[in-house]
$ cat structure.txt   # compact mmCIF, C-alpha atoms
# COMPACT_ATOMS: atom_id res chain seq x y z
CA MET A 1 17.06 -11.66 9.73
CA ILE A 2 16.52 -11.13 6.00
CA LYS A 3 13.09 -11.30 4.36
CA ASP A 4 12.21 -11.50 0.67
CA ILE A 5 9.38 -9.06 -0.02
CA THR A 6 7.47 -7.92 -3.10
CA PHE A 7 5.64 -4.58 -3.04
CA ILE A 8 2.85 -3.61 -5.46
CA SER A 9 0.18 -0.93 -5.55
CA ASP A 10 -2.57 0.59 -7.69
CA THR A 11 -3.43 -2.37 -9.87
CA HIS A 12 -6.97 -1.08 -10.55
CA CYS A 13 -8.38 -4.37 -11.91
CA ARG A 14 -5.31 -4.86 -14.13
CA GLU A 15 -3.43 -7.21 -11.84
CA HIS A 16 -3.51 -9.98 -14.46
CA LEU A 17 -1.23 -7.85 -16.66
CA ILE A 18 1.66 -8.18 -14.22
CA LYS A 19 4.16 -10.64 -15.67
CA ASN A 20 4.57 -13.86 -13.70
CA GLU A 21 8.35 -13.60 -13.88
CA ASP A 22 8.16 -10.27 -12.00
CA LEU A 23 6.40 -11.94 -9.06
CA ILE A 24 9.45 -13.86 -7.93
CA GLY A 25 8.06 -15.23 -4.67
CA GLY A 26 9.28 -14.99 -1.12
CA ASP A 27 8.15 -14.33 2.41
CA PHE A 28 5.68 -11.48 1.77
CA ILE A 29 3.80 -9.74 -1.00
CA ILE A 30 2.27 -6.46 0.14
CA HIS A 31 -0.28 -4.39 -1.81
CA SER A 32 -0.78 -0.80 -0.72
CA GLY A 33 -4.26 -0.16 -2.08
CA ASP A 34 -6.38 0.67 -5.12
CA ILE A 35 -7.04 -2.93 -6.01
CA SER A 36 -10.24 -1.92 -7.82
CA GLY A 37 -11.68 0.64 -10.20
CA ARG A 38 -14.68 1.86 -8.19
CA GLY A 39 -14.71 -0.58 -5.29
CA LYS A 40 -17.38 -2.85 -6.75
CA ASP A 41 -17.78 -6.18 -4.99
CA TYR A 42 -17.01 -8.18 -8.15
CA GLU A 43 -13.82 -6.15 -8.71
CA VAL A 44 -12.68 -6.84 -5.16
CA PHE A 45 -13.55 -10.52 -5.45
CA GLU A 46 -11.57 -10.88 -8.69
CA PHE A 47 -8.56 -9.27 -7.08
CA PHE A 48 -8.82 -11.55 -4.04
CA ARG A 49 -8.94 -14.58 -6.33
CA TRP A 50 -5.81 -13.44 -8.16
CA PHE A 51 -3.94 -12.44 -5.00
CA SER A 52 -4.73 -15.75 -3.34
CA SER A 53 -3.37 -17.60 -6.38
CA LEU A 54 0.14 -16.27 -5.73
CA THR A 55 1.22 -19.36 -3.85
CA GLN A 56 4.89 -18.51 -4.31
CA TYR A 57 4.49 -16.13 -1.34
CA LYS A 58 4.07 -17.26 2.27
CA HIS A 59 2.06 -14.20 3.33
CA LYS A 60 -0.21 -11.95 1.26
CA ILE A 61 -1.11 -8.60 2.81
CA LEU A 62 -3.17 -5.68 1.52
CA ILE A 63 -4.80 -2.41 2.48
CA ALA A 64 -7.51 -0.39 0.74
CA GLY A 65 -6.96 2.73 -1.34
CA ASN A 66 -9.04 5.70 -2.37
CA HIS A 67 -10.72 3.74 -5.19
CA ASP A 68 -11.70 0.86 -2.91
CA PHE A 69 -15.07 2.19 -1.72
CA LEU A 70 -16.35 -1.23 -0.68
CA PHE A 71 -14.03 -1.34 2.34
CA GLN A 72 -15.39 1.98 3.63
CA LYS A 73 -19.03 2.01 2.53
CA ASP A 74 -19.90 -1.68 2.94
CA SER A 75 -17.21 -3.21 5.12
CA ASP A 76 -19.43 -6.19 6.00
CA VAL A 77 -19.50 -7.27 2.36
CA ALA A 78 -15.75 -6.76 2.08
CA ARG A 79 -15.22 -8.91 5.17
CA LYS A 80 -17.43 -11.69 3.79
CA LEU A 81 -15.40 -11.69 0.59
CA LEU A 82 -12.20 -11.81 2.64
CA ASP A 83 -13.55 -14.77 4.60
CA THR A 84 -13.61 -16.67 1.30
CA TYR A 85 -9.82 -16.34 1.14
CA PRO A 86 -8.45 -16.93 4.65
CA ASP A 87 -4.88 -16.78 3.36
CA LEU A 88 -5.24 -13.03 2.68
CA ILE A 89 -4.51 -10.50 5.41
CA TYR A 90 -6.30 -7.15 5.28
CA LEU A 91 -5.03 -4.31 7.47
CA GLN A 92 -7.01 -1.18 8.34
CA ASP A 93 -5.49 0.83 11.16
CA SER A 94 -4.10 -2.43 12.47
CA LEU A 95 -0.83 -4.20 13.14
CA ILE A 96 0.22 -7.76 12.48
CA GLU A 97 3.47 -9.48 13.39
CA LEU A 98 4.54 -12.36 11.17
CA GLU A 99 7.88 -14.14 11.39
CA GLY A 100 9.21 -11.33 13.56
CA VAL A 101 8.17 -8.58 11.12
CA LYS A 102 5.76 -5.92 12.43
CA ILE A 103 3.55 -4.59 9.64
CA TYR A 104 0.99 -1.80 10.09
CA GLY A 105 -1.55 -0.76 7.45
CA THR A 106 -3.76 2.32 7.11
CA PRO A 107 -5.70 3.62 4.07
CA TRP A 108 -6.39 7.26 5.00
CA GLN A 109 -5.28 10.36 3.10
CA PRO A 110 -5.91 14.10 2.67
CA TRP A 111 -8.92 15.05 0.54
CA PHE A 112 -8.56 13.77 -3.02
CA TYR A 113 -11.49 14.31 -5.41
CA ASP A 114 -14.18 12.86 -3.10
CA TRP A 115 -12.80 9.34 -3.27
CA ALA A 116 -12.77 6.85 -0.40
CA PHE A 117 -10.85 7.21 2.88
CA ASN A 118 -10.52 10.99 2.62
CA VAL A 119 -9.86 12.90 5.84
CA VAL A 120 -10.10 16.65 5.30
CA LYS A 121 -9.04 17.95 8.73
CA GLU A 122 -5.37 17.86 9.65
CA GLU A 123 -6.12 17.20 13.32
CA GLU A 124 -8.13 14.10 12.43
CA ARG A 125 -5.33 12.78 10.24
CA LYS A 126 -2.87 13.46 13.04
CA GLU A 127 -4.99 11.34 15.41
CA ILE A 128 -5.25 8.53 12.85
CA PHE A 129 -1.53 8.36 12.17
CA ALA A 130 -0.69 8.70 15.88
CA LYS A 131 -2.03 5.13 16.18
CA ILE A 132 0.90 3.79 14.13
CA PRO A 133 2.97 2.13 16.85
CA GLU A 134 6.62 2.57 17.63
CA GLY A 135 8.57 -0.47 16.49
CA THR A 136 6.69 -0.84 13.20
CA ASP A 137 9.05 -2.38 10.64
CA ILE A 138 6.94 -1.93 7.50
CA LEU A 139 4.34 0.81 7.30
CA VAL A 140 1.78 0.28 4.55
CA THR A 141 -0.14 3.41 3.55
CA HIS A 142 -2.01 4.32 0.41
CA CYS A 143 -0.99 7.95 0.24
CA PRO A 144 2.64 9.10 0.36
CA PRO A 145 4.08 11.31 3.07
CA HIS A 146 4.30 14.93 1.99
CA GLY A 147 7.27 15.63 -0.25
CA ILE A 148 8.19 11.97 -0.75
CA LEU A 149 7.34 10.49 -4.18
CA ASP A 150 4.03 12.35 -4.07
CA GLN A 151 4.24 14.80 -6.97
CA THR A 152 1.73 14.67 -9.80
CA LYS A 153 2.71 15.34 -13.39
CA SER A 154 1.33 18.86 -12.99
CA GLY A 155 3.73 19.46 -10.09
CA ILE A 156 1.28 19.23 -7.18
CA LYS A 157 2.55 17.52 -4.04
CA THR A 158 -0.32 15.43 -2.72
CA GLY A 159 1.26 13.66 0.24
CA CYS A 160 0.23 14.00 3.87
CA ARG A 161 2.26 16.19 6.26
CA GLU A 162 0.94 14.41 9.34
CA LEU A 163 2.03 11.07 7.90
CA PHE A 164 5.50 12.45 7.17
CA ILE A 165 5.85 13.69 10.76
CA ARG A 166 4.76 10.32 12.16
CA CYS A 167 7.16 8.46 9.86
CA MET A 168 10.06 10.60 11.01
CA THR A 169 9.02 10.04 14.63
CA ILE A 170 8.73 6.24 14.61
CA ARG A 171 11.12 5.62 11.68
CA PRO A 172 9.91 2.33 10.20
CA ILE A 173 12.39 0.51 8.01
CA ILE A 174 10.06 0.90 5.02
CA ASN A 175 7.02 3.01 4.18
CA ILE A 176 5.32 1.46 1.15
CA PHE A 177 2.55 3.35 -0.67
CA GLY A 178 1.17 4.19 -4.12
CA HIS A 179 -1.68 6.58 -5.02
CA ILE A 180 0.32 8.89 -7.32
CA HIS A 181 1.11 6.61 -10.24
CA GLU A 182 3.61 8.88 -11.96
CA ALA A 183 5.72 9.14 -8.77
CA TYR A 184 6.68 5.43 -8.84
CA GLY A 185 10.11 4.88 -7.40
CA TYR A 186 12.34 4.77 -4.33
CA LYS A 187 13.80 7.32 -1.96
CA GLU A 188 15.78 6.96 1.25
CA PHE A 189 15.41 9.77 3.76
CA ASP A 190 16.89 9.86 7.26
CA GLY A 191 17.24 6.09 7.34
CA VAL A 192 13.66 5.34 6.20
CA HIS A 193 13.17 3.60 2.86
CA PHE A 194 10.19 5.04 0.98
CA ILE A 195 8.74 3.07 -1.93
CA ASN A 196 5.98 4.15 -4.30
CA ALA A 197 5.04 0.81 -5.86
CA SER A 198 2.33 1.92 -8.32
CA VAL A 199 2.49 -0.52 -11.21
CA LEU A 200 0.27 1.59 -13.52
CA ASP A 201 1.27 4.93 -14.97
CA GLU A 202 -0.98 8.01 -14.95
CA GLN A 203 -2.73 6.70 -18.10
CA TYR A 204 -3.52 3.44 -16.25
CA LEU A 205 -1.17 1.49 -18.49
CA MET A 206 0.92 -1.33 -17.01
CA LYS A 207 4.32 0.35 -17.03
CA ASN A 208 6.12 -0.33 -13.75
CA LYS A 209 7.37 -3.58 -12.29
CA PRO A 210 6.61 -4.88 -8.81
CA VAL A 211 9.34 -3.91 -6.37
CA ASN A 212 11.22 -7.02 -5.23
CA CYS A 213 13.71 -6.67 -2.43
CA LYS A 214 15.56 -8.29 0.44
CA VAL A 215 15.04 -6.52 3.76
CA ASN A 216 17.52 -6.94 6.58
CA LEU A 217 15.62 -6.27 9.78
CA GLU A 218 18.76 -5.95 11.90
CA THR A 219 20.73 -3.53 9.72
CA ARG A 220 17.70 -1.83 8.08
CA GLU A 221 19.29 -2.41 4.69
CA VAL A 222 17.09 -2.87 1.61
CA GLN A 223 18.55 -4.63 -1.42
CA PHE A 224 16.53 -4.54 -4.64
CA VAL A 225 16.52 -7.67 -6.78

$ encode --input "structure.txt" --output "structure tokens"
Amino acid sequence: MIKDITFISDTHCREHLIKNEDLIGGDFIIHSGDISGRGKDYEVFEFFRWFSSLTQYKHKILIAGNHDFLFQKDSDVARKLLDTYPDLIYLQDSLIELEGVKIYGTPWQPWFYDWAFNVVKEEERKEIFAKIPEGTDILVTHCPPHGILDQTKSGIKTGCRELFIRCMTIRPIINIFGHIHEAYGYKEFDGVHFINASVLDEQYLMKNKPVNCKVNLETREVQFV
């Protein structure tokens, strides 16, 4: 079974700058967080309106990121906004299976400048990521696993060790994330395909393209298009 999937992340209210020809359509478009600047309700609503307009995709899935305070501080408001767009699927420590594809989303990360969804204690992060079930095909996180496309321009590795351990335990086909804009790219490690899909660079300029690919669920092959 082959699925056409587009991955994006870290649009930060600049989603309208993505070129239409780079959103080629398919089975899924998945956004791995930081849809907003400061998590204001109007920022979230504008993103939802844009995301919902991408009718070339059958399924539109997102998680929150460290800028998306609304989902953590006022989740009731976020849910009401989501109810306005029933075609959007929001995951927060939850799993959905669509067309035979199991997708799990979680927004948590190690401490990062007092932004949203920070978890300081390693044991707490370990408990959170232990919830990611075996058999997950696509794991959607905001932060990278430690040592995988997680290095800032100053050389600091910001990824999560507990997430890396869980990834290597359950071995999803893909772990999609963002968070560290300058680490945009792809890496395969021990049969897991890691994708940092941040479309903005570290200066918040639209630099990187959405990641379009064909995913073979039987062979675990990922072909970029």

$ closest_residue --input "structure.txt" --among "A:Glu21, A:Glu46, A:Asp114, A:Glu99" --to "A:Asn66" --atoms "all atoms listed in the file"
A:Asp114

$ closest_residue --input "structure.txt" --among "A:Cys160, A:Met1, A:Val119, A:Leu54" --to "A:Ile24" --atoms "all atoms listed in the file"
A:Leu54

$ closest_residue --input "structure.txt" --among "A:Phe7, A:Phe224, A:Phe48, A:Phe164" --to "A:Asp83" --atoms "only C-alpha atoms"
A:Phe48

$ atom_distance --input "structure.txt" --atom1 "atom CA of A:Ile35" --atom2 "atom CA of A:Ala183"
17.8 Å

$ atom_distance --input "structure.txt" --atom1 "atom CA of A:Lys80" --atom2 "atom CA of A:Gly33"
18.5 Å

$ residues_near_point --input "structure.txt" --point "(2.1, 19.3, 4.2)" --cutoff "12 Å" --atoms "only C-alpha atoms" --output "compact mmCIF listing (two decimals) with C-alpha atoms, in the frame of the given file"
# COMPACT_ATOMS: atom_id res chain seq x y z
CA GLN A 109 -5.28 10.36 3.10
CA PRO A 110 -5.91 14.10 2.67
CA GLU A 122 -5.37 17.86 9.65
CA ARG A 125 -5.33 12.78 10.24
CA LYS A 126 -2.87 13.46 13.04
CA PRO A 144 2.64 9.10 0.36
CA PRO A 145 4.08 11.31 3.07
CA HIS A 146 4.30 14.93 1.99
CA GLY A 147 7.27 15.63 -0.25
CA ILE A 148 8.19 11.97 -0.75
CA ASP A 150 4.03 12.35 -4.07
CA ILE A 156 1.28 19.23 -7.18
CA LYS A 157 2.55 17.52 -4.04
CA THR A 158 -0.32 15.43 -2.72
CA GLY A 159 1.26 13.66 0.24
CA CYS A 160 0.23 14.00 3.87
CA ARG A 161 2.26 16.19 6.26
CA GLU A 162 0.94 14.41 9.34
CA LEU A 163 2.03 11.07 7.90
CA PHE A 164 5.50 12.45 7.17
CA ILE A 165 5.85 13.69 10.76

$ residues_around --input "structure.txt" --residues "A:Asp34" --least-positions-apart "4" --cutoff "6 Å" --atoms "only C-alpha atoms" --output "PyMOL selection string"
chain A and resi 10+12+65+67-68

$ atom_distance --input "structure.txt" --atom1 "atom CA of A:Ile5" --atom2 "atom CA of A:Tyr57"
8.7 Å

$ closest_residue --input "structure.txt" --among "A:Asp74, A:Ile30, A:Thr169, A:Gly155" --to "A:Ile103" --atoms "all atoms listed in the file"
A:Ile30

$ residues_near_point --input "structure.txt" --point "(20.4, -3.7, 11.7)" --cutoff "12 Å" --atoms "all atoms listed in the file" --output "ChimeraX atom specification"
/A:1-2,137,173,191,215-222
